[in-house]
file protein-v4.pdb (PDB, C-alpha atoms, pLDDT in the B column)
MODEL        1
ATOM      1  CA  MET A   1      -3.251  -3.376-144.148  1.00 48.00           C
ATOM      2  CA  ALA A   2      -1.910  -0.210-145.734  1.00 50.00           C
ATOM      3  CA  ASP A   3      -1.186  -0.299-149.432  1.00 72.00           C
ATOM      4  CA  LEU A   4       2.407   0.846-149.392  1.00 87.00           C
ATOM      5  CA  GLU A   5       4.826   0.607-152.260  1.00 94.00           C
ATOM      6  CA  SER A   6       8.128   2.417-152.785  1.00 96.00           C
ATOM      7  CA  THR A   7      11.208   2.280-154.975  1.00 96.00           C
ATOM      8  CA  VAL A   8      14.185   1.210-152.850  1.00 97.00           C
ATOM      9  CA  TRP A   9      17.650  -0.328-152.985  1.00 95.00           C
ATOM     10  CA  MET A  10      17.992  -3.468-150.838  1.00 93.00           C
ATOM     11  CA  ILE A  11      21.350  -4.055-149.172  1.00 92.00           C
ATOM     12  CA  HIS A  12      22.408  -6.944-146.959  1.00 91.00           C
ATOM     13  CA  ALA A  13      25.386  -9.248-146.506  1.00 85.00           C
ATOM     14  CA  GLY A  14      24.607 -11.063-149.763  1.00 82.00           C
ATOM     15  CA  THR A  15      24.386  -7.998-152.036  1.00 81.00           C
ATOM     16  CA  SER A  16      26.958  -5.563-153.366  1.00 79.00           C
ATOM     17  CA  LYS A  17      27.470  -2.214-151.642  1.00 80.00           C
ATOM     18  CA  ASP A  18      25.462  -0.640-154.461  1.00 82.00           C
ATOM     19  CA  GLY A  19      22.413  -2.687-153.508  1.00 88.00           C
ATOM     20  CA  VAL A  20      19.647  -4.098-155.665  1.00 92.00           C
ATOM     21  CA  LYS A  21      17.067  -1.660-157.012  1.00 95.00           C
ATOM     22  CA  GLY A  22      13.432  -2.702-156.872  1.00 95.00           C
ATOM     23  CA  ARG A  23       9.980  -2.116-155.423  1.00 96.00           C
ATOM     24  CA  LEU A  24       9.105  -2.670-151.783  1.00 97.00           C
ATOM     25  CA  ALA A  25       5.504  -3.499-150.940  1.00 97.00           C
ATOM     26  CA  LEU A  26       3.625  -4.284-147.740  1.00 96.00           C
ATOM     27  CA  GLU A  27       1.247  -7.151-148.433  1.00 93.00           C
ATOM     28  CA  PRO A  28      -0.742  -9.570-146.264  1.00 90.00           C
ATOM     29  CA  LEU A  29       2.075 -12.149-146.488  1.00 86.00           C
ATOM     30  CA  GLY A  30       4.696  -9.633-145.311  1.00 93.00           C
ATOM     31  CA  VAL A  31       7.194  -7.145-146.675  1.00 96.00           C
ATOM     32  CA  VAL A  32       7.899  -8.033-150.311  1.00 95.00           C
ATOM     33  CA  PHE A  33      10.869  -6.856-152.387  1.00 95.00           C
ATOM     34  CA  ARG A  34      10.655  -7.223-156.172  1.00 94.00           C
ATOM     35  CA  PRO A  35      13.933  -6.532-158.012  1.00 94.00           C
ATOM     36  CA  ALA A  36      13.679  -4.206-160.998  1.00 93.00           C
ATOM     37  CA  GLN A  37      15.987  -6.329-163.165  1.00 86.00           C
ATOM     38  CA  ALA A  38      14.655  -9.811-162.539  1.00 73.00           C
ATOM     39  CA  ARG A  39      12.303 -12.372-163.927  1.00 75.00           C
ATOM     40  CA  PRO A  40       8.771 -12.563-162.502  1.00 70.00           C
ATOM     41  CA  GLY A  41       8.667 -14.500-159.243  1.00 69.00           C
ATOM     42  CA  ALA A  42      12.179 -13.451-158.189  1.00 83.00           C
ATOM     43  CA  GLU A  43      10.812 -11.580-155.220  1.00 90.00           C
ATOM     44  CA  THR A  44      12.061 -11.761-151.656  1.00 92.00           C
ATOM     45  CA  VAL A  45       9.383 -12.077-148.976  1.00 92.00           C
ATOM     46  CA  PHE A  46      10.005 -11.150-145.345  1.00 94.00           C
ATOM     47  CA  PRO A  47       7.051 -12.674-143.436  1.00 93.00           C
ATOM     48  CA  LEU A  48       5.790 -10.450-140.629  1.00 94.00           C
ATOM     49  CA  GLY A  49       6.449 -13.239-138.102  1.00 92.00           C
ATOM     50  CA  THR A  50      10.171 -13.238-138.925  1.00 94.00           C
ATOM     51  CA  ILE A  51      10.637  -9.476-138.506  1.00 95.00           C
ATOM     52  CA  ARG A  52      11.959  -8.758-135.022  1.00 95.00           C
ATOM     53  CA  ARG A  53      12.292  -5.027-135.477  1.00 95.00           C
ATOM     54  CA  ALA A  54      11.596  -2.407-138.143  1.00 97.00           C
ATOM     55  CA  HIS A  55      13.125   1.016-137.663  1.00 96.00           C
ATOM     56  CA  ARG A  56      14.390   4.057-139.517  1.00 94.00           C
ATOM     57  CA  THR A  57      18.126   4.571-139.200  1.00 91.00           C
ATOM     58  CA  MET A  58      18.417   7.999-137.606  1.00 90.00           C
ATOM     59  CA  GLY A  59      19.461  10.789-139.919  1.00 91.00           C
ATOM     60  CA  THR A  60      19.147   8.672-143.066  1.00 92.00           C
ATOM     61  CA  PRO A  61      16.442   7.574-145.517  1.00 94.00           C
ATOM     62  CA  VAL A  62      17.030   3.921-144.603  1.00 95.00           C
ATOM     63  CA  LEU A  63      14.555   1.335-143.281  1.00 97.00           C
ATOM     64  CA  GLU A  64      16.226  -1.509-141.393  1.00 97.00           C
ATOM     65  CA  LEU A  65      14.609  -4.862-140.787  1.00 96.00           C
ATOM     66  CA  SER A  66      16.096  -7.096-138.085  1.00 96.00           C
ATOM     67  CA  LEU A  67      15.027 -10.675-138.703  1.00 94.00           C
ATOM     68  CA  GLN A  68      14.642 -13.633-136.345  1.00 92.00           C
ATOM     69  CA  PRO A  69      17.692 -15.936-136.165  1.00 86.00           C
ATOM     70  CA  ASN A  70      15.472 -18.930-136.970  1.00 80.00           C
ATOM     71  CA  ALA A  71      14.062 -17.245-140.100  1.00 68.00           C
ATOM     72  CA  GLY A  72      15.988 -19.672-142.270  1.00 71.00           C
ATOM     73  CA  PRO A  73      18.974 -19.081-144.493  1.00 73.00           C
ATOM     74  CA  GLY A  74      19.716 -15.520-145.426  1.00 77.00           C
ATOM     75  CA  PRO A  75      20.617 -12.252-143.791  1.00 88.00           C
ATOM     76  CA  ARG A  76      19.625 -11.246-140.277  1.00 92.00           C
ATOM     77  CA  LEU A  77      19.746  -7.521-141.053  1.00 93.00           C
ATOM     78  CA  VAL A  78      18.404  -5.944-144.239  1.00 95.00           C
ATOM     79  CA  GLY A  79      18.563  -2.272-145.190  1.00 95.00           C
ATOM     80  CA  PHE A  80      16.245  -0.584-147.655  1.00 97.00           C
ATOM     81  CA  TYR A  81      17.605   2.706-148.968  1.00 95.00           C
ATOM     82  CA  PHE A  82      14.858   5.026-150.223  1.00 96.00           C
ATOM     83  CA  VAL A  83      17.450   6.807-152.391  1.00 93.00           C
ATOM     84  CA  GLN A  84      20.266   5.328-154.439  1.00 91.00           C
ATOM     85  CA  PRO A  85      23.057   4.436-151.996  1.00 88.00           C
ATOM     86  CA  PRO A  86      26.083   6.701-152.397  1.00 80.00           C
ATOM     87  CA  SER A  87      29.135   4.960-153.809  1.00 71.00           C
ATOM     88  CA  LEU A  88      31.833   3.938-151.360  1.00 62.00           C
ATOM     89  CA  GLU A  89      34.220   2.738-154.049  1.00 65.00           C
ATOM     90  CA  ALA A  90      37.587   4.407-153.632  1.00 54.00           C
ATOM     91  CA  GLN A  91      40.354   4.190-156.162  1.00 52.00           C
ATOM     92  CA  ALA A  92      42.841   1.420-155.445  1.00 52.00           C
ATOM     93  CA  ASP A  93      45.652   3.931-154.920  1.00 56.00           C
ATOM     94  CA  SER A  94      43.685   6.349-152.725  1.00 67.00           C
ATOM     95  CA  GLY A  95      44.962   7.002-149.261  1.00 74.00           C
ATOM     96  CA  VAL A  96      43.310   6.920-145.886  1.00 77.00           C
ATOM     97  CA  PHE A  97      42.207  10.550-146.094  1.00 78.00           C
ATOM     98  CA  ALA A  98      40.542  10.055-149.473  1.00 75.00           C
ATOM     99  CA  ARG A  99      38.621   7.044-148.158  1.00 73.00           C
ATOM    100  CA  ARG A 100      37.555   9.025-145.080  1.00 80.00           C
ATOM    101  CA  ARG A 101      36.386  11.906-147.262  1.00 80.00           C
ATOM    102  CA  LEU A 102      34.430   9.448-149.401  1.00 75.00           C
ATOM    103  CA  ARG A 103      32.646   8.018-146.327  1.00 77.00           C
ATOM    104  CA  ARG A 104      31.961  11.522-144.982  1.00 83.00           C
ATOM    105  CA  ASP A 105      30.538  12.651-148.325  1.00 79.00           C
ATOM    106  CA  ALA A 106      28.347   9.531-148.508  1.00 76.00           C
ATOM    107  CA  ALA A 107      27.011  10.144-144.988  1.00 78.00           C
ATOM    108  CA  PHE A 108      26.295  13.777-145.860  1.00 77.00           C
ATOM    109  CA  THR A 109      24.417  12.746-149.001  1.00 78.00           C
ATOM    110  CA  LEU A 110      22.197  10.404-146.968  1.00 81.00           C
ATOM    111  CA  PHE A 111      21.686  13.101-144.327  1.00 80.00           C
ATOM    112  CA  ARG A 112      20.526  15.593-147.006  1.00 83.00           C
ATOM    113  CA  TRP A 113      18.084  13.086-148.507  1.00 79.00           C
ATOM    114  CA  ASN A 114      16.711  12.310-145.054  1.00 84.00           C
ATOM    115  CA  SER A 115      14.734  15.553-144.978  1.00 86.00           C
ATOM    116  CA  VAL A 116      13.025  14.565-148.253  1.00 88.00           C
ATOM    117  CA  LYS A 117      12.328  10.899-147.436  1.00 92.00           C
ATOM    118  CA  LYS A 118      11.933  10.892-143.642  1.00 94.00           C
ATOM    119  CA  ALA A 119       8.123  10.900-143.673  1.00 94.00           C
ATOM    120  CA  GLU A 120       7.952   8.067-146.232  1.00 95.00           C
ATOM    121  CA  VAL A 121      10.350   5.855-144.258  1.00 95.00           C
ATOM    122  CA  SER A 122       8.489   6.626-141.019  1.00 95.00           C
ATOM    123  CA  ARG A 123       5.188   5.598-142.676  1.00 96.00           C
ATOM    124  CA  TRP A 124       6.805   2.260-143.554  1.00 96.00           C
ATOM    125  CA  VAL A 125       8.003   1.692-139.988  1.00 97.00           C
ATOM    126  CA  GLU A 126       4.570   2.444-138.543  1.00 96.00           C
ATOM    127  CA  ALA A 127       2.755   0.325-141.142  1.00 95.00           C
ATOM    128  CA  ILE A 128       4.999  -2.681-140.470  1.00 95.00           C
ATOM    129  CA  ARG A 129       4.544  -2.301-136.704  1.00 95.00           C
ATOM    130  CA  ARG A 130       0.751  -2.043-137.088  1.00 94.00           C
ATOM    131  CA  ALA A 131       0.690  -5.100-139.382  1.00 93.00           C
ATOM    132  CA  LYS A 132       2.743  -7.112-136.880  1.00 92.00           C
ATOM    133  CA  ARG A 133       0.377  -6.169-134.039  1.00 89.00           C
ATOM    134  CA  GLY A 134      -2.664  -7.028-136.157  1.00 82.00           C
ATOM    135  CA  ARG A 135      -1.630 -10.532-137.201  1.00 65.00           C
TER     136      ARG A 135
ENDMDL
END

call {"tool": "encode", "arguments": {"input": "protein-v4.pdb", "output": "structure tokens"}}
result
Amino acid sequence: MADLESTVWMIHAGTSKDGVKGRLALEPLGVVFRPAQARPGAETVFPLGTIRRAHRTMGTPVLELSLQPNAGPGPRLVGFYFVQPPSLEAQADSGVFARRRLRRDAAFTLFRWNSVKKAEVSRWVEAIRRAKRGR
């Protein structure tokens, strides 16, 4: 199994929009996320058998894991941003156009970083697929 490790921000239904920064590693037991600001043993493990699909979100430096519905409690879709996620926090009094501009700017930021991180995210997708085939 490939020794892969990267700094990422994990985002899913149970996290804030800013995500949780940490290290992502591919290990024999599966894809392991270790938060940067946590006590030892606070890792999240995604066993290879529970990963339905691993893919790179087109045009972004984001790895998405779709998990089996019977994988237990927790999210069914997890995103790993290979750059700090752009903020989507608008001011409370901002109008519809300001919020649209904020989303557009965030998408553009991810698009720009894609050219830098595309190969790294693609390596992750291929390594996870190979590990799933080899188990």

call {"tool": "resolve_selection", "arguments": {"input": "protein-v4.pdb", "expression": "the PyMOL selection byres ((chain A and resi 103-109) around 10)", "output": "ChimeraX atom specification"}}
result
/A:59-60,83,85-90,97-102,110-114

call {"tool": "resolve_selection", "arguments": {"input": "protein-v4.pdb", "expression": "the PyMOL selection byres ((chain A and resi 51) around 8)", "output": "PyMOL selection string"}}
result
chain A and resi 46-50+52-54+65-68

call {"tool": "atom_distance", "arguments": {"input": "protein-v4.pdb", "atom1": "atom CA of A:Arg34", "atom2": "atom CA of A:His12"}}
result
14.9 Å

call {"tool": "atom_distance", "arguments": {"input": "protein-v4.pdb", "atom1": "atom CA of A:Thr7", "atom2": "atom CA of A:Ala25"}}
result
9.1 Å

call {"tool": "resolve_selection", "arguments": {"input": "protein-v4.pdb", "expression": "the PyMOL selection byres ((chain A and resi 75) around 7)", "output": "list of chain:residue names"}}
result
A:His12, A:Ala13, A:Gly74, A:Arg76, A:Leu77, A:Val78

call {"tool": "write_last_selection", "arguments": {"input": "protein-v4.pdb", "atoms": "C-alpha atoms", "output": "short mmCIF file (atom, residue, chain, number, x, y, z; two decimals), keeping the file's coordinate frame"}}
result
data_model
loop_
_atom_site.label_atom_id
_atom_site.label_comp_id
_atom_site.auth_asym_id
_atom_site.auth_seq_id
_atom_site.Cartn_x
_atom_site.Cartn_y
_atom_site.Cartn_z
CA HIS A 12 22.41 -6.94 -146.96
CA ALA A 13 25.39 -9.25 -146.51
CA GLY A 74 19.72 -15.52 -145.43
CA ARG A 76 19.62 -11.25 -140.28
CA LEU A 77 19.75 -7.52 -141.05
CA VAL A 78 18.40 -5.94 -144.24
#

call {"tool": "atom_distance", "arguments": {"input": "protein-v4.pdb", "atom1": "atom CA of A:Tyr81", "atom2": "atom CA of A:Val31"}}
result
14.5 Å

call {"tool": "residues_around", "arguments": {"input": "protein-v4.pdb", "residues": "A:Lys118", "least_positions_apart": "6", "cutoff": "10 Å", "atoms": "all atoms listed in the file", "output": "JSON, numbers by chain"}}
result
{"A": [56, 57, 58, 59, 60, 61, 62, 63, 82]}

call {"tool": "build_atoms", "arguments": {"input": "protein-v4.pdb", "residues": "stretch 4-15 of chain A", "atoms": "N, CA and C atoms", "output": "PDB file, in the frame of the given file"}}
result
ATOM      1  N   LEU A   4       1.169   0.084-149.277  1.00 87.00           N
ATOM      2  CA  LEU A   4       2.407   0.846-149.392  1.00 87.00           C
ATOM      3  C   LEU A   4       3.267   0.222-150.469  1.00 87.00           C
ATOM      4  N   GLU A   5       3.869   1.073-151.267  1.00 94.00           N
ATOM      5  CA  GLU A   5       4.826   0.607-152.260  1.00 94.00           C
ATOM      6  C   GLU A   5       5.796   1.743-152.526  1.00 94.00           C
ATOM      7  N   SER A   6       7.088   1.420-152.560  1.00 96.00           N
ATOM      8  CA  SER A   6       8.128   2.417-152.785  1.00 96.00           C
ATOM      9  C   SER A   6       9.266   1.819-153.590  1.00 96.00           C
ATOM     10  N   THR A   7       9.981   2.685-154.306  1.00 96.00           N
ATOM     11  CA  THR A   7      11.208   2.280-154.975  1.00 96.00           C
ATOM     12  C   THR A   7      12.339   2.358-153.958  1.00 96.00           C
ATOM     13  N   VAL A   8      13.107   1.279-153.840  1.00 97.00           N
ATOM     14  CA  VAL A   8      14.185   1.210-152.850  1.00 97.00           C
ATOM     15  C   VAL A   8      15.379   0.453-153.432  1.00 97.00           C
ATOM     16  N   TRP A   9      16.479   0.497-152.705  1.00 95.00           N
ATOM     17  CA  TRP A   9      17.650  -0.328-152.985  1.00 95.00           C
ATOM     18  C   TRP A   9      17.839  -1.197-151.758  1.00 95.00           C
ATOM     19  N   MET A  10      17.822  -2.526-151.946  1.00 93.00           N
ATOM     20  CA  MET A  10      17.992  -3.468-150.838  1.00 93.00           C
ATOM     21  C   MET A  10      19.479  -3.796-150.701  1.00 93.00           C
ATOM     22  N   ILE A  11      19.960  -3.715-149.457  1.00 92.00           N
ATOM     23  CA  ILE A  11      21.350  -4.055-149.172  1.00 92.00           C
ATOM     24  C   ILE A  11      21.392  -4.966-147.949  1.00 92.00           C
ATOM     25  N   HIS A  12      22.138  -6.056-148.098  1.00 91.00           N
ATOM     26  CA  HIS A  12      22.408  -6.944-146.959  1.00 91.00           C
ATOM     27  C   HIS A  12      23.723  -7.656-147.239  1.00 91.00           C
ATOM     28  N   ALA A  13      24.091  -8.573-146.390  1.00 85.00           N
ATOM     29  CA  ALA A  13      25.386  -9.248-146.506  1.00 85.00           C
ATOM     30  C   ALA A  13      25.573  -9.970-147.836  1.00 85.00           C
ATOM     31  N   GLY A  14      24.499 -10.328-148.513  1.00 82.00           N
ATOM     32  CA  GLY A  14      24.607 -11.063-149.763  1.00 82.00           C
ATOM     33  C   GLY A  14      24.530 -10.201-151.017  1.00 82.00           C
ATOM     34  N   THR A  15      24.456  -8.883-150.869  1.00 81.00           N
ATOM     35  CA  THR A  15      24.386  -7.998-152.036  1.00 81.00           C
ATOM     36  C   THR A  15      25.665  -7.170-152.122  1.00 81.00           C
TER      37      THR A  15
END
